[in-house]
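This is query20.cif (mmCIF, C-alpha atoms and all ligand atoms).
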data_entry
loop_
_atom_site.group_PDB
_atom_site.id
_atom_site.type_symbol
_atom_site.label_atom_id
_atom_site.label_comp_id
_atom_site.auth_asym_id
_atom_site.auth_seq_id
_atom_site.Cartn_x
_atom_site.Cartn_y
_atom_site.Cartn_z
ATOM 1 C CA MET A 243 104.449 -48.870 -65.140
ATOM 2 C CA LYS A 244 103.953 -50.699 -61.815
ATOM 3 C CA HIS A 245 101.414 -49.102 -59.528
ATOM 4 C CA LYS A 246 102.377 -47.854 -56.098
ATOM 5 C CA LEU A 247 99.827 -47.236 -53.341
ATOM 6 C CA VAL A 248 100.399 -44.848 -50.435
ATOM 7 C CA PRO A 249 98.191 -44.156 -47.388
ATOM 8 C CA ILE A 250 95.757 -41.219 -47.545
ATOM 9 C CA SER A 251 97.502 -38.447 -45.627
ATOM 10 C CA ASN A 252 94.339 -36.700 -44.490
ATOM 11 C CA ILE A 253 91.210 -38.746 -43.894
ATOM 12 C CA ARG A 254 88.442 -36.311 -43.078
ATOM 13 C CA ASN A 255 86.367 -37.120 -40.052
ATOM 14 C CA PHE A 256 84.051 -34.212 -39.260
ATOM 15 C CA ASP A 257 81.078 -34.842 -36.979
ATOM 16 C CA ASN A 258 77.639 -34.580 -38.499
ATOM 17 C CA LYS A 259 76.907 -31.097 -37.120
ATOM 18 C CA THR A 260 80.126 -29.734 -38.568
ATOM 19 C CA MET A 261 79.314 -31.301 -41.924
ATOM 20 C CA GLU A 262 75.805 -29.788 -41.911
ATOM 21 C CA LEU A 263 77.330 -26.407 -41.199
ATOM 22 C CA ARG A 264 80.127 -26.677 -43.751
ATOM 23 C CA SER A 265 77.788 -27.845 -46.516
ATOM 24 C CA LYS A 266 75.347 -24.999 -45.762
ATOM 25 C CA GLN A 267 78.099 -22.392 -45.562
ATOM 26 C CA PHE A 268 79.556 -23.535 -48.868
ATOM 27 C CA TYR A 269 76.157 -23.309 -50.530
ATOM 28 C CA GLU A 270 75.532 -19.823 -49.084
ATOM 29 C CA ASP A 271 78.826 -18.669 -50.551
ATOM 30 C CA ILE A 272 78.752 -20.382 -53.931
ATOM 31 C CA LYS A 273 75.225 -19.205 -54.667
ATOM 32 C CA GLN A 274 76.620 -15.693 -54.738
ATOM 33 C CA ARG A 275 78.713 -16.557 -57.789
ATOM 34 C CA ARG A 276 77.271 -14.868 -60.823
ATOM 35 C CA THR A 277 78.552 -14.369 -64.322
ATOM 36 C CA VAL A 278 79.743 -10.772 -64.583
ATOM 37 C CA ARG A 279 79.992 -8.890 -67.879
ATOM 38 C CA ASP A 280 81.231 -5.506 -66.603
ATOM 39 C CA PHE A 281 84.727 -5.615 -65.163
ATOM 40 C CA ALA A 282 86.732 -2.974 -63.311
ATOM 41 C CA GLU A 283 90.158 -2.007 -64.642
ATOM 42 C CA LYS A 284 91.736 -3.180 -61.404
ATOM 43 C CA SER A 285 94.742 -5.472 -61.337
ATOM 44 C CA VAL A 286 94.923 -8.878 -59.683
ATOM 45 C CA SER A 287 98.100 -10.539 -58.350
ATOM 46 C CA LYS A 288 99.244 -13.277 -60.683
ATOM 47 C CA SER A 289 99.974 -15.494 -57.643
ATOM 48 C CA ILE A 290 96.237 -15.550 -56.833
ATOM 49 C CA ILE A 291 95.483 -16.703 -60.374
ATOM 50 C CA ASN A 292 98.229 -19.332 -60.086
ATOM 51 C CA ASN A 293 96.784 -20.678 -56.802
ATOM 52 C CA CYS A 294 93.395 -21.045 -58.483
ATOM 53 C CA ILE A 295 94.975 -22.833 -61.454
ATOM 54 C CA LEU A 296 96.714 -25.204 -59.023
ATOM 55 C CA SER A 297 93.280 -25.908 -57.482
ATOM 56 C CA ALA A 298 91.870 -26.671 -60.928
ATOM 57 C CA GLY A 299 94.804 -28.998 -61.540
ATOM 58 C CA THR A 300 93.722 -31.148 -58.574
ATOM 59 C CA ALA A 301 90.617 -32.225 -60.521
ATOM 60 C CA PRO A 302 89.956 -35.904 -61.153
ATOM 61 C CA SER A 303 90.560 -36.967 -64.751
ATOM 62 C CA GLY A 304 90.153 -40.104 -66.843
ATOM 63 C CA ALA A 305 93.162 -42.362 -66.039
ATOM 64 C CA ASN A 306 94.785 -39.294 -64.414
ATOM 65 C CA MET A 307 95.771 -38.003 -67.835
ATOM 66 C CA GLN A 308 95.123 -34.384 -66.732
ATOM 67 C CA PRO A 309 94.157 -33.449 -70.283
ATOM 68 C CA TRP A 310 94.035 -29.691 -69.692
ATOM 69 C CA HIS A 311 96.132 -26.647 -70.339
ATOM 70 C CA PHE A 312 95.423 -23.228 -68.834
ATOM 71 C CA ALA A 313 96.798 -20.432 -71.023
ATOM 72 C CA ILE A 314 96.786 -17.133 -69.166
ATOM 73 C CA SER A 315 97.306 -13.585 -70.357
ATOM 74 C CA GLY A 316 97.194 -10.271 -68.564
ATOM 75 C CA ARG A 317 98.885 -8.448 -71.450
ATOM 76 C CA SER A 318 96.859 -5.603 -72.901
ATOM 77 C CA ASP A 319 98.047 -6.250 -76.485
ATOM 78 C CA ILE A 320 96.962 -9.910 -76.250
ATOM 79 C CA ARG A 321 93.601 -8.988 -74.701
ATOM 80 C CA LYS A 322 93.049 -6.478 -77.520
ATOM 81 C CA THR A 323 93.817 -9.101 -80.186
ATOM 82 C CA ILE A 324 91.485 -11.599 -78.493
ATOM 83 C CA ARG A 325 88.719 -8.986 -78.349
ATOM 84 C CA GLU A 326 89.118 -8.144 -82.057
ATOM 85 C CA ASN A 327 89.000 -11.826 -83.058
ATOM 86 C CA ALA A 328 86.139 -12.697 -80.706
ATOM 87 C CA GLU A 329 84.001 -9.754 -81.823
ATOM 88 C CA LYS A 330 84.496 -10.740 -85.458
ATOM 89 C CA GLU A 331 83.227 -14.277 -84.711
ATOM 90 C CA GLU A 332 80.452 -13.043 -82.444
ATOM 91 C CA LYS A 333 79.179 -10.503 -85.004
ATOM 92 C CA GLU A 334 78.885 -13.341 -87.490
ATOM 93 C CA PHE A 335 77.125 -15.456 -84.841
ATOM 94 C CA TYR A 336 74.560 -12.839 -83.797
ATOM 95 C CA GLU A 337 73.878 -11.550 -87.320
ATOM 96 C CA ARG A 338 74.015 -14.742 -89.371
ATOM 97 C CA LYS A 339 74.818 -18.070 -87.720
ATOM 98 C CA ALA A 340 72.637 -18.189 -84.589
ATOM 99 C CA SER A 341 69.216 -19.794 -84.915
ATOM 100 C CA ARG A 342 66.163 -17.780 -83.894
ATOM 101 C CA GLU A 343 65.704 -20.224 -81.000
ATOM 102 C CA TRP A 344 69.255 -19.616 -79.731
ATOM 103 C CA LEU A 345 68.878 -15.827 -79.971
ATOM 104 C CA LYS A 346 65.616 -16.091 -78.040
ATOM 105 C CA ALA A 347 67.349 -18.092 -75.280
ATOM 106 C CA LEU A 348 70.032 -15.377 -75.060
ATOM 107 C CA GLU A 349 67.510 -12.509 -74.916
ATOM 108 C CA PRO A 350 67.112 -12.434 -71.087
ATOM 109 C CA LEU A 351 70.900 -12.061 -70.760
ATOM 110 C CA GLY A 352 70.999 -8.970 -72.966
ATOM 111 C CA THR A 353 74.236 -10.073 -74.650
ATOM 112 C CA ASN A 354 75.406 -8.957 -78.100
ATOM 113 C CA TYR A 355 78.574 -9.107 -80.209
ATOM 114 C CA SER A 356 80.330 -6.314 -78.336
ATOM 115 C CA LYS A 357 82.856 -7.723 -75.813
ATOM 116 C CA PRO A 358 84.624 -4.794 -74.076
ATOM 117 C CA PHE A 359 85.239 -6.973 -70.997
ATOM 118 C CA LEU A 360 87.911 -8.852 -72.946
ATOM 119 C CA GLU A 361 90.042 -5.713 -72.617
ATOM 120 C CA THR A 362 88.925 -4.336 -69.250
ATOM 121 C CA ALA A 363 89.286 -7.523 -67.172
ATOM 122 C CA PRO A 364 92.887 -7.988 -65.971
ATOM 123 C CA TYR A 365 93.202 -11.682 -66.881
ATOM 124 C CA LEU A 366 91.963 -13.971 -69.600
ATOM 125 C CA ILE A 367 92.381 -17.697 -69.011
ATOM 126 C CA CYS A 368 91.888 -19.918 -72.007
ATOM 127 C CA ILE A 369 91.266 -23.525 -71.058
ATOM 128 C CA PHE A 370 92.381 -26.043 -73.647
ATOM 129 C CA VAL A 371 91.389 -29.719 -73.896
ATOM 130 C CA LYS A 372 94.249 -31.993 -74.906
ATOM 131 C CA ASN A 373 92.448 -34.427 -77.185
ATOM 132 C CA TYR A 374 95.493 -36.679 -77.011
ATOM 133 C CA GLY A 375 98.923 -36.424 -75.389
ATOM 134 C CA LEU A 376 102.195 -36.191 -77.290
ATOM 135 C CA LEU A 377 105.392 -37.931 -76.246
ATOM 136 C CA THR A 378 108.788 -36.406 -77.014
ATOM 137 C CA ASP A 379 109.216 -38.807 -79.977
ATOM 138 C CA GLY A 380 105.955 -37.498 -81.447
ATOM 139 C CA SER A 381 103.846 -40.583 -80.670
ATOM 140 C CA ARG A 382 100.315 -40.097 -79.350
ATOM 141 C CA VAL A 383 98.959 -41.012 -75.907
ATOM 142 C CA LYS A 384 95.246 -41.697 -75.740
ATOM 143 C CA HIS A 385 93.228 -39.493 -73.363
ATOM 144 C CA TYR A 386 90.063 -40.871 -71.799
ATOM 145 C CA TYR A 387 87.031 -38.709 -71.065
ATOM 146 C CA ALA A 388 89.039 -35.596 -71.896
ATOM 147 C CA THR A 389 86.045 -33.260 -72.232
ATOM 148 C CA GLU A 390 84.416 -34.465 -69.001
ATOM 149 C CA SER A 391 87.719 -34.094 -67.136
ATOM 150 C CA VAL A 392 88.329 -30.567 -68.400
ATOM 151 C CA GLY A 393 84.726 -29.614 -67.541
ATOM 152 C CA ILE A 394 85.320 -30.701 -63.942
ATOM 153 C CA ALA A 395 88.662 -28.848 -63.749
ATOM 154 C CA THR A 396 87.021 -25.716 -65.134
ATOM 155 C CA GLY A 397 84.262 -25.949 -62.510
ATOM 156 C CA ILE A 398 86.891 -26.110 -59.791
ATOM 157 C CA LEU A 399 88.712 -23.149 -61.355
ATOM 158 C CA ILE A 400 85.545 -21.013 -61.411
ATOM 159 C CA THR A 401 84.835 -21.997 -57.787
ATOM 160 C CA ALA A 402 88.430 -21.253 -56.715
ATOM 161 C CA LEU A 403 88.372 -17.829 -58.382
ATOM 162 C CA HIS A 404 85.044 -17.032 -56.711
ATOM 163 C CA ASN A 405 86.430 -18.225 -53.376
ATOM 164 C CA ALA A 406 89.429 -15.907 -53.816
ATOM 165 C CA GLY A 407 87.053 -12.968 -54.295
ATOM 166 C CA LEU A 408 87.203 -12.706 -58.068
ATOM 167 C CA ALA A 409 84.406 -12.493 -60.596
ATOM 168 C CA THR A 410 84.334 -14.548 -63.775
ATOM 169 C CA LEU A 411 82.662 -14.672 -67.147
ATOM 170 C CA THR A 412 82.539 -17.957 -68.999
ATOM 171 C CA HIS A 413 82.937 -16.907 -72.613
ATOM 172 C CA THR A 414 82.646 -19.094 -75.691
ATOM 173 C CA PRO A 415 83.215 -17.150 -78.900
ATOM 174 C CA SER A 416 82.280 -19.508 -81.675
ATOM 175 C CA PRO A 417 84.411 -20.833 -83.349
ATOM 176 C CA MET A 418 87.362 -20.474 -80.961
ATOM 177 C CA LYS A 419 90.212 -21.896 -83.044
ATOM 178 C CA PHE A 420 91.849 -18.444 -83.277
ATOM 179 C CA LEU A 421 92.840 -18.883 -79.610
ATOM 180 C CA ASN A 422 95.369 -21.627 -80.530
ATOM 181 C CA LYS A 423 97.307 -19.139 -82.634
ATOM 182 C CA ILE A 424 97.207 -16.328 -80.070
ATOM 183 C CA PHE A 425 98.231 -18.543 -77.153
ATOM 184 C CA LYS A 426 100.677 -20.539 -79.327
ATOM 185 C CA ARG A 427 99.064 -23.868 -78.440
ATOM 186 C CA PRO A 428 99.650 -27.035 -80.504
ATOM 187 C CA ASP A 429 97.147 -28.808 -82.762
ATOM 188 C CA ASN A 430 96.318 -31.586 -80.271
ATOM 189 C CA GLU A 431 94.726 -28.933 -78.052
ATOM 190 C CA ARG A 432 91.243 -27.522 -78.572
ATOM 191 C CA PRO A 433 89.978 -24.332 -76.889
ATOM 192 C CA PHE A 434 87.318 -25.327 -74.348
ATOM 193 C CA LEU A 435 86.336 -21.914 -73.121
ATOM 194 C CA LEU A 436 87.704 -18.515 -72.268
ATOM 195 C CA LEU A 437 87.417 -17.477 -68.652
ATOM 196 C CA VAL A 438 87.447 -13.729 -68.146
ATOM 197 C CA THR A 439 88.426 -12.858 -64.597
ATOM 198 C CA GLY A 440 88.894 -9.834 -62.386
ATOM 199 C CA PHE A 441 86.725 -7.594 -60.239
ATOM 200 C CA ALA A 442 83.154 -6.671 -61.029
ATOM 201 C CA ASP A 443 82.803 -3.002 -61.926
ATOM 202 C CA LYS A 444 81.011 -0.839 -59.331
ATOM 203 C CA GLY A 445 77.982 -0.284 -61.538
ATOM 204 C CA ALA A 446 77.887 -3.856 -62.889
ATOM 205 C CA LYS A 447 74.419 -5.254 -63.454
ATOM 206 C CA ILE A 448 73.493 -8.924 -63.843
ATOM 207 C CA PRO A 449 70.419 -10.590 -65.369
ATOM 208 C CA ASP A 450 67.604 -11.241 -62.902
ATOM 209 C CA ILE A 451 67.537 -15.027 -63.226
ATOM 210 C CA GLU A 452 66.877 -17.835 -60.784
ATOM 211 C CA LYS A 453 68.336 -21.270 -60.158
ATOM 212 C CA PHE A 454 66.095 -24.323 -60.129
ATOM 213 C CA PRO A 455 65.033 -25.687 -56.718
ATOM 214 C CA LEU A 456 66.283 -29.028 -55.366
ATOM 215 C CA GLU A 457 63.129 -30.903 -56.460
ATOM 216 C CA LYS A 458 63.693 -29.881 -60.057
ATOM 217 C CA ILE A 459 67.378 -30.748 -60.248
ATOM 218 C CA SER A 460 67.446 -33.978 -58.264
ATOM 219 C CA THR A 461 65.634 -37.221 -57.595
ATOM 220 C CA THR A 462 66.366 -39.790 -54.921
ATOM 221 C CA ILE A 463 65.453 -43.407 -55.319
HETATM 222 C C1 LIG A 501 79.679 -23.325 -71.431
HETATM 223 C C2 LIG A 501 79.211 -21.924 -71.163
HETATM 224 C C3 LIG A 501 79.309 -20.982 -72.167
HETATM 225 C C4 LIG A 501 78.933 -19.655 -71.925
HETATM 226 N N1 LIG A 501 79.141 -18.723 -72.902
HETATM 227 C C5 LIG A 501 78.857 -17.415 -72.647
HETATM 228 C C6 LIG A 501 79.199 -16.412 -73.590
HETATM 229 O O1 LIG A 501 79.786 -16.692 -74.643
HETATM 230 N N2 LIG A 501 78.874 -15.132 -73.312
HETATM 231 C C7 LIG A 501 78.266 -14.780 -72.141
HETATM 232 O O2 LIG A 501 77.998 -13.597 -71.940
HETATM 233 N N3 LIG A 501 77.945 -15.710 -71.204
HETATM 234 C C8 LIG A 501 78.249 -17.017 -71.422
HETATM 235 N N4 LIG A 501 77.979 -17.979 -70.461
HETATM 236 C C9 LIG A 501 77.427 -17.570 -69.171
HETATM 237 C C10 LIG A 501 75.966 -17.992 -69.023
HETATM 238 O O3 LIG A 501 75.138 -17.153 -69.799
HETATM 239 C C11 LIG A 501 75.591 -17.915 -67.529
HETATM 240 O O4 LIG A 501 76.368 -18.843 -66.814
HETATM 241 C C12 LIG A 501 74.127 -18.210 -67.297
HETATM 242 O O5 LIG A 501 73.319 -17.230 -67.880
HETATM 243 C C13 LIG A 501 73.795 -18.317 -65.810
HETATM 244 O O6 LIG A 501 74.152 -17.147 -65.141
HETATM 245 P P1 LIG A 501 75.118 -17.167 -63.878
HETATM 246 O O7 LIG A 501 76.448 -17.708 -64.324
HETATM 247 O O8 LIG A 501 75.198 -15.732 -63.418
HETATM 248 O O9 LIG A 501 74.515 -18.061 -62.847
HETATM 249 C C14 LIG A 501 78.364 -19.293 -70.670
HETATM 250 C C15 LIG A 501 78.243 -20.271 -69.677
HETATM 251 C C16 LIG A 501 78.671 -21.558 -69.906
HETATM 252 C C17 LIG A 501 78.588 -22.571 -68.784
#
What is this structure when it is put down as structure tokens?
Amino acid sequence: MKHKLVPISNIRNFDNKTMELRSKQFYEDIKQRRTVRDFAEKSVSKSIINNCILSAGTAPSGANMQPWHFAISGRSDIRKTIRENAEKEEKEFYERKASREWLKALEPLGTNYSKPFLETAPYLICIFVKNYGLLTDGSRVKHYYATESVGIATGILITALHNAGLATLTHTPSPMKFLNKIFKRPDNERPFLLLVTGFADKGAKIPDIEKFPLEKISTTI
């Protein structure tokens, strides 16, 4: 395919003061994002979820392959099935599979195999990585940096949901293959993670944890 270049429609040109302010304001807002594990049984308009998915779909990706699929369900029967499957895997994880070291790392979060939020939150979004693409004749299209690309898209999705006023929980029942069957996704797709989204319950509590300071997370040379 021949490439076609078009002019950038919107070159940003903020002055320095505006940029200082915007970068600070964004930080002040995004630092309020926290993983929530107690959700209210309050509905969310599907159009809000769709706008956030569209935002995620703007993510950069290796060779613009856009190797993601966002499978969404707000159906109570599907959420119930996902909860049953996830709790089965998680029980196995907490009671048998997890190393002592892993369980110790999870201790401050107070998590266990019980996942009621999978039924109380109004929407579950399962993000799938397309390991390779499939053409209509069944031949495969190679995807480059698929995992990195989907990680970036998921970050944008979490940020977009937070920006819209929604809470999220990044959930990774292990293994997650059962999600292909529930969401009817093909074999070239692998569940990346399950994003639980909705409103935090009134009495929701979160672990008292801190984020590393700038000096610890960055160096400048
Ligand atoms: C890849 C990934 C997997 C995670 N899996 C789970 C999970 O299965 N269950 C859970 O309760 N939290 C899970 N979390 C949430 C983390 O525990 C949480 O992000 C971390 O403790 C920091 O808290 P914060 O998100 O409130 O800043 C996961 C987060 C990430 C990024």
Resolved residues for the PyMOL selection byres (((chain A and resi 411) around 7) and not hetatm) as a list in words: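 Taken on the displayed file, the PyMOL selection byres (((chain A and resi 411) around 7) and not hetatm) yields the residues Thr277, Val278, Arg279, Thr410, Thr412, His413, Leu437, Val438 and Thr439 of chain A.
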Protein and nucleic acid residues within 8 Å of ligand LIG 501 (chain A) (all atoms listed in the file) as a list in words: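 I would give the residues around ligand LIG 501 (chain A) as Arg275, Arg276, Thr277, Val278, Arg279, Leu348, Leu351, Thr353, Leu411, Thr412, His413, Thr414, Pro415, Ser416, Leu435, Ile448, Pro449, Ile451, Glu452 and Lys453 of chain A.
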Among the residues A:Phe335, A:Trp344, A:Phe359, A:Trp310, the one that comes closest to Tyr374 (chain A) [using all atoms listed in the file]: A:Trp310
Given the PyMOL selection byres (((chain A and resi 417) around 12) and not hetatm), the residues it picks as a list of chain:residue names: A:Asn327, A:Ala328, A:Glu329, A:Lys330, A:Glu331, A:Glu332, A:Lys333, A:Glu334, A:Phe335, A:Lys339, A:His413, A:Thr414, A:Pro415, A:Ser416, A:Met418, A:Lys419, A:Phe420, A:Leu421, A:Asn422, A:Arg432, A:Pro433, A:Phe434, A:Leu435, A:Leu436
Pairwise distance for CA of Gly380 (chain A) and CA of Pro309 (chain A), rounded to one decimal in Å: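 Answer for the CA of Gly380 (chain A) to CA of Pro309 (chain A) separation: 16.7 Å.
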Residues within 8 Å of (89.0, -5.2, -73.3), file coords, all atoms listed in the file, listed as a list in words: Ser318, Arg321, Lys322, Arg325, Lys357, Pro358, Phe359, Leu360, Glu361, Thr362 and Ala363 of chain A
Residues selected by the PyMOL selection byres (((chain A and resi 375) around 12) and not hetatm), written as a list in words: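 Applied to this file, the PyMOL selection byres (((chain A and resi 375) around 12) and not hetatm) selects Met307, Gln308, Pro309, Trp310, His311, Val371, Lys372, Asn373, Tyr374, Leu376, Leu377, Thr378, Asp379, Gly380, Ser381, Arg382, Val383, Lys384, His385, Tyr386, Ala388, Pro428, Asp429, Asn430 and Glu431 of chain A.
In this structure, CA of Leu408 (chain A) sits 17.9 Å away from CA of Ala313 (chain A).
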Proximity to Ala301 (chain A) - best of A:Ala446, A:Ile463, A:Leu456, A:Ile394, only C-alpha atoms: A:Ile394
Gap from CA of Thr396 (chain A) to CA of Ala298 (chain A) - Å, one decimal: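 A separation of 6.5 Å between them.
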Contacts of Pro364 (chain A) within 7 Å, only C-alpha atoms, excl. fewer than 2 positions in-chain, as a ChimeraX atom specification: /A:283-286,316,362,439-440
Nearest to Ser391 (chain A), chosen from A:Arg342, A:Cys294, A:Phe370, A:Ala282, with all atoms listed in the file counted in the distances: A:Phe370
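Using all atoms listed in the file, the smallest distance between any of A:Ile290, A:Leu247, A:Leu399, A:Ala340 and Ile369 (chain A) comes from A:Leu399.
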Nearest to Ala409 (chain A) by atom-to-atom distance, counting all atoms listed in the file, from A:Gln274, A:Ser303, A:Thr389, A:Ser341: A:Gln274
